[in-house]
>>> print(open('coords.cif').read())   # mmCIF, C-alpha atoms
data_my_file
#
loop_
_atom_site.label_atom_id
_atom_site.label_comp_id
_atom_site.auth_asym_id
_atom_site.auth_seq_id
_atom_site.Cartn_x
_atom_site.Cartn_y
_atom_site.Cartn_z
CA MET A 1 -20.98 54.75 -46.35
CA ARG A 2 -19.02 55.07 -43.11
CA ASP A 3 -15.68 53.33 -43.09
CA GLU A 4 -15.08 50.70 -40.36
CA PRO A 5 -12.01 51.38 -38.21
CA ALA A 6 -8.92 49.56 -39.34
CA ILE A 7 -7.77 46.63 -37.21
CA GLY A 8 -4.21 47.02 -36.07
CA ASN A 9 -1.53 44.36 -35.71
CA ARG A 10 -1.99 44.31 -31.94
CA GLU A 11 -5.70 43.53 -32.23
CA ILE A 12 -5.01 40.80 -34.80
CA HIS A 13 -2.45 39.21 -32.47
CA THR A 14 -4.92 39.33 -29.57
CA MET A 15 -7.64 37.66 -31.64
CA LYS A 16 -5.28 34.93 -32.76
CA ARG A 17 -4.24 34.32 -29.19
CA ILE A 18 -7.88 34.05 -28.07
CA GLY A 19 -8.55 31.64 -30.90
CA ILE A 20 -5.58 29.47 -29.96
CA LEU A 21 -6.56 29.44 -26.27
CA GLY A 22 -10.13 28.61 -27.17
CA ALA A 23 -9.06 25.75 -29.37
CA ALA A 24 -6.72 24.51 -26.64
CA GLY A 25 -9.56 24.67 -24.13
CA LEU A 26 -11.85 22.69 -26.40
CA PHE A 27 -9.09 20.13 -26.97
CA ALA A 28 -8.48 19.77 -23.23
CA SER A 29 -12.20 19.41 -22.60
CA ALA A 30 -12.38 16.70 -25.22
CA ILE A 31 -9.50 14.86 -23.58
CA LEU A 32 -11.13 15.11 -20.14
CA ALA A 33 -14.47 14.00 -21.54
CA GLY A 34 -12.81 11.05 -23.21
CA ALA A 35 -11.04 10.12 -19.98
CA ALA A 36 -14.29 10.35 -18.05
CA GLN A 37 -16.00 8.12 -20.57
CA ALA A 38 -13.14 5.62 -20.48
CA GLU A 39 -13.27 5.24 -16.69
CA THR A 40 -15.52 2.45 -15.40
CA VAL A 41 -16.68 2.15 -11.80
CA LEU A 42 -17.66 -1.34 -10.68
CA ARG A 43 -20.41 -1.19 -8.06
CA ILE A 44 -19.79 -3.84 -5.39
CA SER A 45 -22.79 -5.02 -3.39
CA SER A 46 -21.96 -6.02 0.18
CA TRP A 47 -24.29 -7.08 2.96
CA ALA A 48 -21.98 -7.22 5.99
CA SER A 49 -20.98 -4.16 8.01
CA PRO A 50 -18.23 -1.82 6.77
CA LYS A 51 -16.02 -3.15 9.59
CA HIS A 52 -16.25 -6.76 8.42
CA GLY A 53 -12.99 -8.11 6.99
CA ILE A 54 -14.44 -8.54 3.50
CA ASN A 55 -15.38 -4.85 3.36
CA ALA A 56 -12.49 -3.46 5.38
CA THR A 57 -9.76 -5.52 3.73
CA VAL A 58 -10.69 -7.75 0.79
CA TRP A 59 -12.70 -5.38 -1.39
CA PRO A 60 -10.37 -2.40 -0.87
CA THR A 61 -7.34 -4.58 -1.65
CA TRP A 62 -8.95 -6.00 -4.77
CA GLY A 63 -10.15 -2.55 -5.82
CA LYS A 64 -6.64 -1.15 -5.57
CA MET A 65 -5.25 -4.07 -7.57
CA VAL A 66 -7.93 -3.63 -10.25
CA GLU A 67 -7.22 0.09 -10.53
CA GLU A 68 -3.49 -0.49 -10.83
CA ALA A 69 -3.85 -3.39 -13.28
CA THR A 70 -6.13 -1.35 -15.55
CA GLU A 71 -3.99 1.80 -15.22
CA GLY A 72 -6.89 3.66 -13.63
CA ARG A 73 -9.47 2.81 -16.26
CA VAL A 74 -11.50 0.64 -13.88
CA LYS A 75 -12.27 1.54 -10.29
CA THR A 76 -14.55 0.07 -7.63
CA LYS A 77 -17.08 1.31 -5.11
CA ILE A 78 -18.64 -0.66 -2.26
CA GLU A 79 -22.38 -0.13 -1.79
CA TYR A 80 -24.40 -1.42 1.15
CA ASN A 81 -27.98 -2.55 1.72
CA LEU A 82 -28.80 -3.21 -1.93
CA GLY A 83 -30.32 -6.53 -0.91
CA SER A 84 -30.27 -9.34 1.63
CA PRO A 85 -27.40 -11.85 1.74
CA ILE A 86 -29.66 -14.39 0.07
CA ALA A 87 -30.49 -12.02 -2.81
CA GLN A 88 -26.92 -11.14 -3.80
CA MET A 89 -26.62 -13.55 -6.72
CA ASP A 90 -29.84 -12.25 -8.26
CA LEU A 91 -28.74 -8.64 -7.71
CA ILE A 92 -25.86 -8.92 -10.11
CA ARG A 93 -27.77 -11.12 -12.54
CA ASP A 94 -30.30 -8.29 -12.77
CA GLY A 95 -27.61 -5.61 -13.05
CA VAL A 96 -28.51 -3.88 -9.78
CA ALA A 97 -24.81 -4.20 -8.90
CA ASP A 98 -21.75 -5.28 -10.88
CA VAL A 99 -19.90 -7.39 -8.31
CA MET A 100 -20.89 -9.21 -5.12
CA TRP A 101 -19.97 -11.88 -2.60
CA THR A 102 -22.25 -14.37 -0.92
CA PHE A 103 -22.28 -17.50 1.20
CA HIS A 104 -23.28 -20.57 -0.79
CA GLY A 105 -25.14 -22.07 2.16
CA TYR A 106 -27.75 -19.29 2.10
CA ASN A 107 -29.27 -21.03 -0.92
CA PRO A 108 -29.86 -24.67 0.16
CA GLY A 109 -29.32 -27.21 -2.60
CA ARG A 110 -28.44 -24.56 -5.17
CA PHE A 111 -24.66 -24.90 -4.96
CA PHE A 112 -24.26 -28.46 -3.78
CA LEU A 113 -20.88 -29.18 -5.39
CA THR A 114 -19.17 -26.23 -3.69
CA GLN A 115 -19.64 -28.05 -0.38
CA ALA A 116 -16.40 -29.92 -1.07
CA VAL A 117 -14.46 -27.19 0.72
CA GLU A 118 -16.88 -27.18 3.67
CA MET A 119 -16.19 -30.73 4.85
CA PRO A 120 -15.13 -31.25 8.48
CA GLY A 121 -11.53 -32.12 9.20
CA LEU A 122 -9.83 -30.19 6.39
CA ASN A 123 -7.25 -29.15 8.99
CA ALA A 124 -5.88 -26.24 6.98
CA SER A 125 -5.64 -22.47 7.22
CA ALA A 126 -8.28 -20.43 5.43
CA GLU A 127 -5.60 -19.11 3.08
CA ALA A 128 -4.48 -22.60 2.08
CA ALA A 129 -8.07 -23.83 1.81
CA SER A 130 -9.08 -20.86 -0.36
CA VAL A 131 -6.17 -21.30 -2.76
CA ALA A 132 -6.85 -25.04 -2.96
CA TYR A 133 -10.55 -24.32 -3.47
CA TRP A 134 -9.88 -22.15 -6.51
CA ARG A 135 -7.50 -24.64 -8.09
CA VAL A 136 -9.85 -27.59 -7.53
CA TYR A 137 -12.81 -25.57 -8.77
CA GLU A 138 -11.01 -24.77 -12.02
CA LYS A 139 -9.91 -28.38 -12.46
CA HIS A 140 -13.05 -30.28 -11.49
CA LEU A 141 -16.07 -27.98 -11.12
CA ALA A 142 -15.91 -24.92 -13.39
CA GLY A 143 -17.58 -26.75 -16.26
CA LYS A 144 -20.53 -27.91 -14.18
CA ASN A 145 -22.49 -24.66 -14.58
CA ILE A 146 -22.82 -24.23 -10.84
CA HIS A 147 -23.11 -20.44 -10.91
CA GLN A 148 -25.54 -19.82 -13.74
CA GLY A 149 -25.73 -16.30 -15.08
CA VAL A 150 -22.70 -14.84 -13.32
CA LYS A 151 -18.94 -14.75 -13.84
CA VAL A 152 -17.02 -16.27 -10.93
CA ILE A 153 -13.97 -14.16 -10.06
CA GLY A 154 -12.94 -15.77 -6.78
CA LEU A 155 -13.77 -18.36 -4.13
CA THR A 156 -12.92 -18.54 -0.46
CA THR A 157 -13.69 -20.30 2.79
CA HIS A 158 -13.69 -18.88 6.26
CA GLY A 159 -11.66 -20.60 8.95
CA PRO A 160 -12.85 -23.65 10.91
CA GLY A 161 -16.39 -23.45 12.24
CA VAL A 162 -16.71 -23.33 16.02
CA ILE A 163 -19.59 -24.11 18.40
CA HIS A 164 -20.49 -20.94 20.36
CA THR A 165 -23.12 -21.22 23.09
CA ARG A 166 -24.83 -19.17 25.77
CA LYS A 167 -24.10 -21.87 28.36
CA PRO A 168 -21.18 -24.31 28.68
CA LEU A 169 -21.35 -27.74 27.04
CA LYS A 170 -20.24 -30.82 28.94
CA ASN A 171 -20.17 -32.85 25.74
CA ILE A 172 -21.34 -32.50 22.14
CA SER A 173 -24.23 -34.78 23.06
CA ASP A 174 -25.57 -31.76 24.99
CA LEU A 175 -26.34 -30.21 21.62
CA LYS A 176 -29.15 -32.67 20.96
CA GLY A 177 -32.41 -30.75 20.93
CA MET A 178 -30.67 -27.40 21.38
CA LYS A 179 -31.73 -24.48 19.20
CA VAL A 180 -28.62 -23.53 17.24
CA ARG A 181 -28.21 -21.07 14.41
CA VAL A 182 -26.60 -22.67 11.34
CA GLY A 183 -25.79 -21.02 8.04
CA GLY A 184 -26.63 -23.92 5.77
CA GLY A 185 -24.43 -26.15 3.64
CA ILE A 186 -22.25 -28.68 5.45
CA GLY A 187 -22.55 -26.67 8.66
CA GLY A 188 -26.25 -27.49 8.53
CA GLU A 189 -25.53 -31.16 7.86
CA VAL A 190 -23.22 -31.25 10.87
CA GLY A 191 -26.00 -29.75 12.95
CA LYS A 192 -28.43 -32.44 11.82
CA LYS A 193 -26.01 -35.22 12.74
CA LEU A 194 -25.57 -33.66 16.18
CA GLY A 195 -29.33 -33.47 16.68
CA ILE A 196 -29.72 -29.73 16.96
CA VAL A 197 -32.88 -27.79 16.17
CA GLY A 198 -31.67 -25.59 13.34
CA VAL A 199 -32.39 -21.86 13.38
CA ARG A 200 -31.90 -20.20 10.00
CA VAL A 201 -31.14 -16.47 9.97
CA PRO A 202 -28.59 -14.49 7.91
CA ALA A 203 -25.32 -13.66 9.65
CA PRO A 204 -26.20 -9.99 10.37
CA LYS A 205 -29.16 -11.21 12.46
CA VAL A 206 -27.16 -13.64 14.60
CA TYR A 207 -26.44 -11.31 17.52
CA GLU A 208 -30.07 -10.44 18.21
CA THR A 209 -31.17 -14.02 17.56
CA VAL A 210 -28.86 -15.34 20.28
CA ALA A 211 -29.32 -12.34 22.58
CA GLN A 212 -33.09 -12.83 22.55
CA GLY A 213 -32.80 -16.55 23.20
CA VAL A 214 -34.31 -17.54 19.86
CA ALA A 215 -31.13 -19.56 19.46
CA GLU A 216 -29.07 -21.00 22.32
CA GLY A 217 -25.93 -21.24 20.27
CA VAL A 218 -24.43 -20.75 16.84
CA PHE A 219 -22.01 -22.50 14.47
CA MET A 220 -19.63 -19.83 13.14
CA PRO A 221 -15.87 -19.23 12.86
CA MET A 222 -13.94 -17.58 15.67
CA GLU A 223 -13.81 -14.20 13.96
CA THR A 224 -17.51 -13.70 14.71
CA LYS A 225 -16.64 -13.10 18.35
CA VAL A 226 -15.76 -9.62 17.06
CA SER A 227 -17.54 -9.10 13.73
CA PHE A 228 -20.95 -10.18 15.09
CA LYS A 229 -20.18 -9.50 18.78
CA LEU A 230 -20.72 -13.12 19.84
CA LYS A 231 -18.33 -12.61 22.74
CA GLU A 232 -21.20 -10.71 24.39
CA VAL A 233 -24.00 -13.24 23.91
CA ALA A 234 -22.27 -16.61 23.37
CA PRO A 235 -19.27 -16.63 25.73
CA TYR A 236 -18.60 -20.39 25.55
CA SER A 237 -16.82 -21.85 22.54
CA LEU A 238 -15.93 -25.44 21.68
CA ILE A 239 -13.25 -25.92 19.02
CA MET A 240 -13.20 -29.19 17.11
CA PRO A 241 -9.61 -30.06 16.09
CA GLY A 242 -9.33 -30.12 12.29
CA GLY A 243 -12.46 -28.03 11.91
CA LEU A 244 -16.14 -28.59 12.69
CA TYR A 245 -16.83 -27.49 9.10
CA TYR A 246 -15.71 -24.69 6.78
CA GLY A 247 -17.82 -22.14 4.88
CA SER A 248 -17.93 -21.56 1.14
CA PHE A 249 -18.18 -18.08 -0.41
CA VAL A 250 -18.11 -16.88 -3.99
CA PHE A 251 -17.07 -13.56 -5.52
CA ALA A 252 -18.88 -12.98 -8.79
CA MET A 253 -19.45 -10.34 -11.47
CA ASN A 254 -22.23 -9.49 -13.87
CA PRO A 255 -21.09 -11.08 -17.17
CA ASP A 256 -22.56 -8.28 -19.32
CA LYS A 257 -20.58 -5.71 -17.34
CA PHE A 258 -17.43 -7.80 -17.69
CA ASN A 259 -17.97 -8.24 -21.44
CA SER A 260 -18.54 -4.50 -21.90
CA LEU A 261 -14.92 -3.89 -20.91
CA SER A 262 -12.05 -4.00 -23.36
CA LYS A 263 -10.17 -7.27 -23.70
CA LYS A 264 -7.18 -5.53 -22.14
CA ASP A 265 -9.15 -4.58 -19.05
CA GLN A 266 -10.85 -7.98 -18.83
CA ASP A 267 -7.45 -9.65 -18.77
CA ALA A 268 -6.16 -7.10 -16.25
CA ILE A 269 -9.07 -7.73 -13.88
CA MET A 270 -8.72 -11.49 -14.07
CA SER A 271 -4.98 -11.20 -13.43
CA VAL A 272 -5.81 -9.94 -9.92
CA SER A 273 -8.86 -12.16 -9.44
CA GLY A 274 -9.17 -15.94 -9.37
CA GLU A 275 -6.49 -17.43 -7.15
CA VAL A 276 -5.13 -13.97 -6.28
CA LEU A 277 -8.45 -12.72 -4.89
CA SER A 278 -9.13 -16.08 -3.21
CA LYS A 279 -5.77 -15.91 -1.44
CA VAL A 280 -6.35 -12.34 -0.25
CA ALA A 281 -9.69 -13.41 1.22
CA GLY A 282 -8.22 -16.49 2.89
CA GLN A 283 -5.47 -14.42 4.48
CA MET A 284 -8.09 -12.03 5.82
CA TRP A 285 -10.11 -14.88 7.38
CA ASP A 286 -7.01 -16.22 9.16
CA LYS A 287 -6.14 -12.80 10.48
CA VAL A 288 -9.61 -12.03 11.82
CA ASP A 289 -9.93 -15.51 13.36
CA ALA A 290 -6.75 -14.87 15.33
CA SER A 291 -8.05 -11.46 16.41
CA GLY A 292 -11.41 -12.96 17.35
CA LEU A 293 -9.81 -15.58 19.56
CA GLU A 294 -7.60 -13.03 21.28
CA ASP A 295 -10.51 -10.65 21.82
CA ALA A 296 -12.75 -13.42 23.17
CA LYS A 297 -10.11 -14.39 25.73
CA LYS A 298 -9.69 -10.77 26.81
CA ALA A 299 -13.46 -10.53 27.23
CA GLY A 300 -13.37 -13.53 29.59
CA ASN A 301 -14.95 -16.03 27.21
CA THR A 302 -14.32 -19.72 27.87
CA ILE A 303 -12.54 -21.44 24.98
CA THR A 304 -12.41 -25.24 25.06
CA ILE A 305 -10.74 -27.67 22.64
CA ALA A 306 -12.61 -30.95 22.23
CA ASP A 307 -10.80 -33.92 23.78
CA ALA A 308 -9.74 -37.04 21.90
CA ALA A 309 -12.90 -39.01 22.74
CA THR A 310 -15.16 -36.18 21.57
CA LYS A 311 -13.11 -35.80 18.40
CA ALA A 312 -13.33 -39.53 17.67
CA ALA A 313 -17.11 -39.50 18.09
CA PHE A 314 -17.41 -36.48 15.83
CA ASP A 315 -15.16 -38.02 13.16
CA LYS A 316 -17.64 -40.89 12.76
CA LEU A 317 -20.41 -38.40 12.03
CA ALA A 318 -18.16 -36.45 9.67
CA ALA A 319 -17.34 -39.61 7.71
CA GLN A 320 -21.05 -40.17 7.14
CA ILE A 321 -21.49 -36.62 5.83
CA GLU A 322 -18.55 -37.06 3.48
CA GLN A 323 -19.81 -40.34 2.03
CA GLU A 324 -23.28 -38.91 1.52
CA TRP A 325 -21.81 -35.97 -0.39
CA ILE A 326 -19.63 -38.21 -2.55
CA ALA A 327 -22.68 -40.31 -3.48
CA LYS A 328 -24.66 -37.21 -4.46
CA ALA A 329 -21.70 -35.77 -6.39
CA ALA A 330 -21.56 -38.95 -8.46
CA LYS A 331 -25.06 -38.20 -9.70
CA LYS A 332 -23.65 -34.91 -11.04
CA LYS A 333 -20.90 -36.85 -12.86
CA VAL A 334 -18.29 -35.61 -10.39
CA ASP A 335 -15.73 -37.85 -8.68
CA GLY A 336 -16.25 -36.47 -5.19
CA ALA A 337 -13.54 -38.60 -3.61
CA LYS A 338 -11.02 -37.25 -6.13
CA VAL A 339 -12.14 -33.67 -5.56
CA LEU A 340 -11.73 -34.02 -1.79
CA ALA A 341 -8.37 -35.77 -2.09
CA ASP A 342 -7.00 -33.04 -4.39
CA LEU A 343 -8.39 -30.27 -2.20
CA ARG A 344 -6.85 -31.67 0.98
CA LYS A 345 -3.47 -32.37 -0.59
CA ILE A 346 -3.17 -28.90 -2.12
CA ALA A 347 -4.27 -27.16 1.09
CA ARG A 348 -2.06 -29.16 3.43
CA ASP A 349 0.96 -28.97 1.13
CA TYR A 350 0.41 -25.21 0.89
CA ASP A 351 0.43 -24.82 4.68
CA ALA A 352 3.44 -27.12 5.03
CA ALA A 353 5.40 -25.02 2.51
CA LYS A 354 4.75 -21.88 4.56
CA LYS A 355 6.24 -23.33 7.76
#
>>> encode(input="coords.cif", output="structure tokens")
Amino acid sequence: MRDEPAIGNREIHTMKRIGILGAAGLFASAILAGAAQAETVLRISSWASPKHGINATVWPTWGKMVEEATEGRVKTKIEYNLGSPIAQMDLIRDGVADVMWTFHGYNPGRFFLTQAVEMPGLNASAEAASVAYWRVYEKHLAGKNIHQGVKVIGLTTHGPGVIHTRKPLKNISDLKGMKVRVGGGIGGEVGKKLGIVGVRVPAPKVYETVAQGVAEGVFMPMETKVSFKLKEVAPYSLIMPGGLYYGSFVFAMNPDKFNSLSKKDQDAIMSVSGEVLSKVAGQMWDKVDASGLEDAKKAGNTITIADAATKAAFDKLAAQIEQEWIAKAAKKKVDGAKVLADLRKIARDYDAAKK
């Protein structure tokens, strides 16, 4: 039998070194694999353009806070065109996305109690109104099963609704019989009281709807002069002191996705959600409203503030809307008058404390 060549000390050392490096490589791979498995990416469904304040400011801000709060274990990604604005709630219920935002008014009658924040005459900044909204929701409404099948992680309202038209209005009575786009909710109720012919289209369709004359005007906040280019097609705006109406939005998450996270990460996410997320959104609405007004003026739009007589006439209509809502809320075992009183006090005290 032929003898095998003896292995020298140098060869033995080399083999040991290769073995150690191989083991180290396997260990590092295991660590990286574990880290990859531990990282969760929350898919956010959004229906507005990437330039809209929610997508340009709110989601990125929240995403950064989530990543920091979870020490990098949870990250976020915005995805577009997963469904229409109306379908967003169902998208996350079905697990198509993990997180979304939507306007309550897109689903008539489905979220009636959230209309508390939409009432005319709140006379508060969007930031103050959004913070007050969250606090009042937690105190009075969270147990009413309003948002079935989803986990609410924030609430917000845009700034005061404004009447934007293709032609100037001499008085709000001119609105009677006019085709006006409304988004639903209390904005729609205001339109009914003013005698408009309501045109229902999602916000992304507003520009072409007005440009083509399908609608002669639109009820939307001032920020839409930029975000939906209303300065081009509806150059006349009438501002109602105290607010024509406000608009209610919800941020929500798929509960199964939330429950799949560790308790530590669940707590971390909620620490930057709720009132924190609501406040961030409210601040964004105030900022874009200011930019929208400035941009509209630069574009030569005509901005008019309703006079005292017009305001007084509108207040009578607003009082009717409020009483009708309170009566309906009572049927849901909710003290609507108390909800509105708390909301207004919190919002106005919040604004007063900032001055």
>>> residues_around(input="coords.cif", residues="region 196-203 of chain A", least_positions_apart="3", cutoff="7 Å", atoms="all atoms listed in the file", output="CSV table (one decimal) with C-alpha atoms, in the frame of the given file")
chain,number,residue,atom,x,y,z
A,85,PRO,CA,-27.4,-11.8,1.7
A,175,LEU,CA,-26.3,-30.2,21.6
A,176,LYS,CA,-29.2,-32.7,21.0
A,177,GLY,CA,-32.4,-30.8,20.9
A,178,MET,CA,-30.7,-27.4,21.4
A,179,LYS,CA,-31.7,-24.5,19.2
A,180,VAL,CA,-28.6,-23.5,17.2
A,181,ARG,CA,-28.2,-21.1,14.4
A,182,VAL,CA,-26.6,-22.7,11.3
A,183,GLY,CA,-25.8,-21.0,8.0
A,191,GLY,CA,-26.0,-29.8,13.0
A,192,LYS,CA,-28.4,-32.4,11.8
A,206,VAL,CA,-27.2,-13.6,14.6
A,215,ALA,CA,-31.1,-19.6,19.5
>>> residues_around(input="coords.cif", residues="Pro235 (chain A)", least_positions_apart="5", cutoff="12 Å", atoms="only C-alpha atoms", output="list in words")
Ile163, His164, Thr165, Arg166, Lys167, Pro168, Leu169, Val210, Ala211, Glu216, Gly217, Val218, Met222, Thr224, Lys225, Val226, Lys229, Leu230, Leu293, Asp295, Ala296, Lys297, Lys298, Ala299, Gly300, Asn301, Thr302, Ile303 and Thr304 of chain A
>>> closest_residue(input="coords.cif", among="A:Gly161, A:Gly95, A:Gly195, A:Gly154", to="Leu317 (chain A)", atoms="only C-alpha atoms")
A:Gly195
>>> resolve_selection(input="coords.cif", expression="the PyMOL selection byres ((chain A and resi 337) around 10)", output="compact mmCIF listing (two decimals) with C-alpha atoms, keeping the file's coordinate frame")
# COMPACT_ATOMS: atom_id res chain seq x y z
CA ALA A 116 -16.40 -29.92 -1.07
CA GLU A 322 -18.55 -37.06 3.48
CA GLN A 323 -19.81 -40.34 2.03
CA TRP A 325 -21.81 -35.97 -0.39
CA ILE A 326 -19.63 -38.21 -2.55
CA ALA A 327 -22.68 -40.31 -3.48
CA ALA A 329 -21.70 -35.77 -6.39
CA ALA A 330 -21.56 -38.95 -8.46
CA VAL A 334 -18.29 -35.61 -10.39
CA ASP A 335 -15.73 -37.85 -8.68
CA GLY A 336 -16.25 -36.47 -5.19
CA LYS A 338 -11.02 -37.25 -6.13
CA VAL A 339 -12.14 -33.67 -5.56
CA LEU A 340 -11.73 -34.02 -1.79
CA ALA A 341 -8.37 -35.77 -2.09
CA ASP A 342 -7.00 -33.04 -4.39
CA LEU A 343 -8.39 -30.27 -2.20
>>> resolve_selection(input="coords.cif", expression="the PyMOL selection byres ((chain A and resi 239) around 7)", output="VMD selection string")
chain A and resid 162 to 163 237 to 238 240 to 241 304 to 306
>>> resolve_selection(input="coords.cif", expression="the PyMOL selection byres ((chain A and resi 137-144) around 9)", output="PDB file with C-alpha atoms, in the coordinates of the input")
ATOM      1  CA  LEU A 113     -20.880 -29.180  -5.390  1.00  0.00           C
ATOM      2  CA  THR A 114     -19.170 -26.230  -3.690  1.00  0.00           C
ATOM      3  CA  ALA A 132      -6.850 -25.040  -2.960  1.00  0.00           C
ATOM      4  CA  TYR A 133     -10.550 -24.320  -3.470  1.00  0.00           C
ATOM      5  CA  TRP A 134      -9.880 -22.150  -6.510  1.00  0.00           C
ATOM      6  CA  ARG A 135      -7.500 -24.640  -8.090  1.00  0.00           C
ATOM      7  CA  VAL A 136      -9.850 -27.590  -7.530  1.00  0.00           C
ATOM      8  CA  ASN A 145     -22.490 -24.660 -14.580  1.00  0.00           C
ATOM      9  CA  ILE A 146     -22.820 -24.230 -10.840  1.00  0.00           C
ATOM     10  CA  HIS A 147     -23.110 -20.440 -10.910  1.00  0.00           C
ATOM     11  CA  LEU A 155     -13.770 -18.360  -4.130  1.00  0.00           C
ATOM     12  CA  LYS A 332     -23.650 -34.910 -11.040  1.00  0.00           C
ATOM     13  CA  VAL A 334     -18.290 -35.610 -10.390  1.00  0.00           C
ATOM     14  CA  ASP A 335     -15.730 -37.850  -8.680  1.00  0.00           C
ATOM     15  CA  VAL A 339     -12.140 -33.670  -5.560  1.00  0.00           C
TER      16      VAL A 339
END
>>> atom_distance(input="coords.cif", atom1="CA of Ala97 (chain A)", atom2="CA of Thr209 (chain A)")
28.9 Å
>>> closest_residue(input="coords.cif", among="A:Val272, A:Phe112, A:Val288, A:Ser262", to="Arg73 (chain A)", atoms="only C-alpha atoms")
A:Ser262
>>> residues_around(input="coords.cif", residues="Ile92 (chain A)", least_positions_apart="4", cutoff="8 Å", atoms="only C-alpha atoms", output="PyMOL selection string")
chain A and resi 88+96-100+150+253-254
>>> closest_residue(input="coords.cif", among="A:Tyr236, A:Tyr106, A:Phe228, A:Tyr245", to="Glu189 (chain A)", atoms="all atoms listed in the file")
A:Tyr245
>>> atom_distance(input="coords.cif", atom1="CA of Lys355 (chain A)", atom2="CA of Glu275 (chain A)")
20.5 Å
>>> axis_aligned_box(input="coords.cif", around="region 136-139 of chain A", padding_each_side="8 Å", output="lines of an AutoDock Vina configuration file")
center_x = -11.3
center_y = -26.6
center_z = -10.0
size_x = 19.0
size_y = 19.6
size_z = 20.9
>>> residues_around(input="coords.cif", residues="Thr157 (chain A)", least_positions_apart="5", cutoff="9 Å", atoms="all atoms listed in the file", output="list in words")
Val117, Glu118, Ala126, Glu127, Ala129, Ser130, Tyr133, Tyr246, Gly247, Ser248, Phe249, Val250, Ser278, Ala281, Gly282 and Trp285 of chain A
>>> closest_residue(input="coords.cif", among="A:Pro50, A:Gly184, A:Leu277, A:Ala268", to="Val66 (chain A)", atoms="only C-alpha atoms")
A:Ala268
>>> build_atoms(input="coords.cif", residues="region 253-264 of chain A", atoms="N, CA, C and O atoms", output="mmCIF file, keeping the file's coordinate frame")
data_model
loop_
_atom_site.group_PDB
_atom_site.id
_atom_site.type_symbol
_atom_site.label_atom_id
_atom_site.label_comp_id
_atom_site.auth_asym_id
_atom_site.auth_seq_id
_atom_site.Cartn_x
_atom_site.Cartn_y
_atom_site.Cartn_z
ATOM 1 N N MET A 253 -19.236 -11.585 -10.721
ATOM 2 C CA MET A 253 -19.450 -10.340 -11.470
ATOM 3 C C MET A 253 -20.536 -10.533 -12.515
ATOM 4 O O MET A 253 -20.714 -11.636 -13.044
ATOM 5 N N ASN A 254 -21.243 -9.475 -12.804
ATOM 6 C CA ASN A 254 -22.230 -9.490 -13.870
ATOM 7 C C ASN A 254 -21.504 -9.706 -15.200
ATOM 8 O O ASN A 254 -20.615 -8.925 -15.564
ATOM 9 N N PRO A 255 -21.826 -10.767 -15.940
ATOM 10 C CA PRO A 255 -21.090 -11.080 -17.170
ATOM 11 C C PRO A 255 -21.233 -10.005 -18.246
ATOM 12 O O PRO A 255 -20.292 -9.771 -19.014
ATOM 13 N N ASP A 256 -22.389 -9.344 -18.320
ATOM 14 C CA ASP A 256 -22.560 -8.280 -19.320
ATOM 15 C C ASP A 256 -21.626 -7.110 -19.013
ATOM 16 O O ASP A 256 -21.064 -6.500 -19.938
ATOM 17 N N LYS A 257 -21.493 -6.796 -17.723
ATOM 18 C CA LYS A 257 -20.580 -5.710 -17.340
ATOM 19 C C LYS A 257 -19.153 -6.087 -17.687
ATOM 20 O O LYS A 257 -18.390 -5.263 -18.223
ATOM 21 N N PHE A 258 -18.787 -7.337 -17.390
ATOM 22 C CA PHE A 258 -17.430 -7.800 -17.690
ATOM 23 C C PHE A 258 -17.183 -7.747 -19.196
ATOM 24 O O PHE A 258 -16.147 -7.247 -19.643
ATOM 25 N N ASN A 259 -18.140 -8.196 -19.983
ATOM 26 C CA ASN A 259 -17.970 -8.240 -21.440
ATOM 27 C C ASN A 259 -17.984 -6.865 -22.073
ATOM 28 O O ASN A 259 -17.517 -6.705 -23.211
ATOM 29 N N SER A 260 -18.519 -5.870 -21.360
ATOM 30 C CA SER A 260 -18.540 -4.500 -21.900
ATOM 31 C C SER A 260 -17.161 -3.842 -21.819
ATOM 32 O O SER A 260 -16.928 -2.821 -22.460
ATOM 33 N N LEU A 261 -16.269 -4.439 -21.045
ATOM 34 C CA LEU A 261 -14.920 -3.890 -20.910
ATOM 35 C C LEU A 261 -14.048 -4.339 -22.080
ATOM 36 O O LEU A 261 -14.340 -5.334 -22.749
ATOM 37 N N SER A 262 -12.988 -3.613 -22.308
ATOM 38 C CA SER A 262 -12.050 -4.000 -23.360
ATOM 39 C C SER A 262 -11.367 -5.307 -22.981
ATOM 40 O O SER A 262 -11.299 -5.663 -21.798
ATOM 41 N N LYS A 263 -10.871 -6.016 -23.974
ATOM 42 C CA LYS A 263 -10.170 -7.270 -23.700
ATOM 43 C C LYS A 263 -8.972 -7.020 -22.788
ATOM 44 O O LYS A 263 -8.661 -7.828 -21.893
ATOM 45 N N LYS A 264 -8.336 -5.881 -22.970
ATOM 46 C CA LYS A 264 -7.180 -5.530 -22.140
ATOM 47 C C LYS A 264 -7.581 -5.406 -20.681
ATOM 48 O O LYS A 264 -6.885 -5.926 -19.788
#
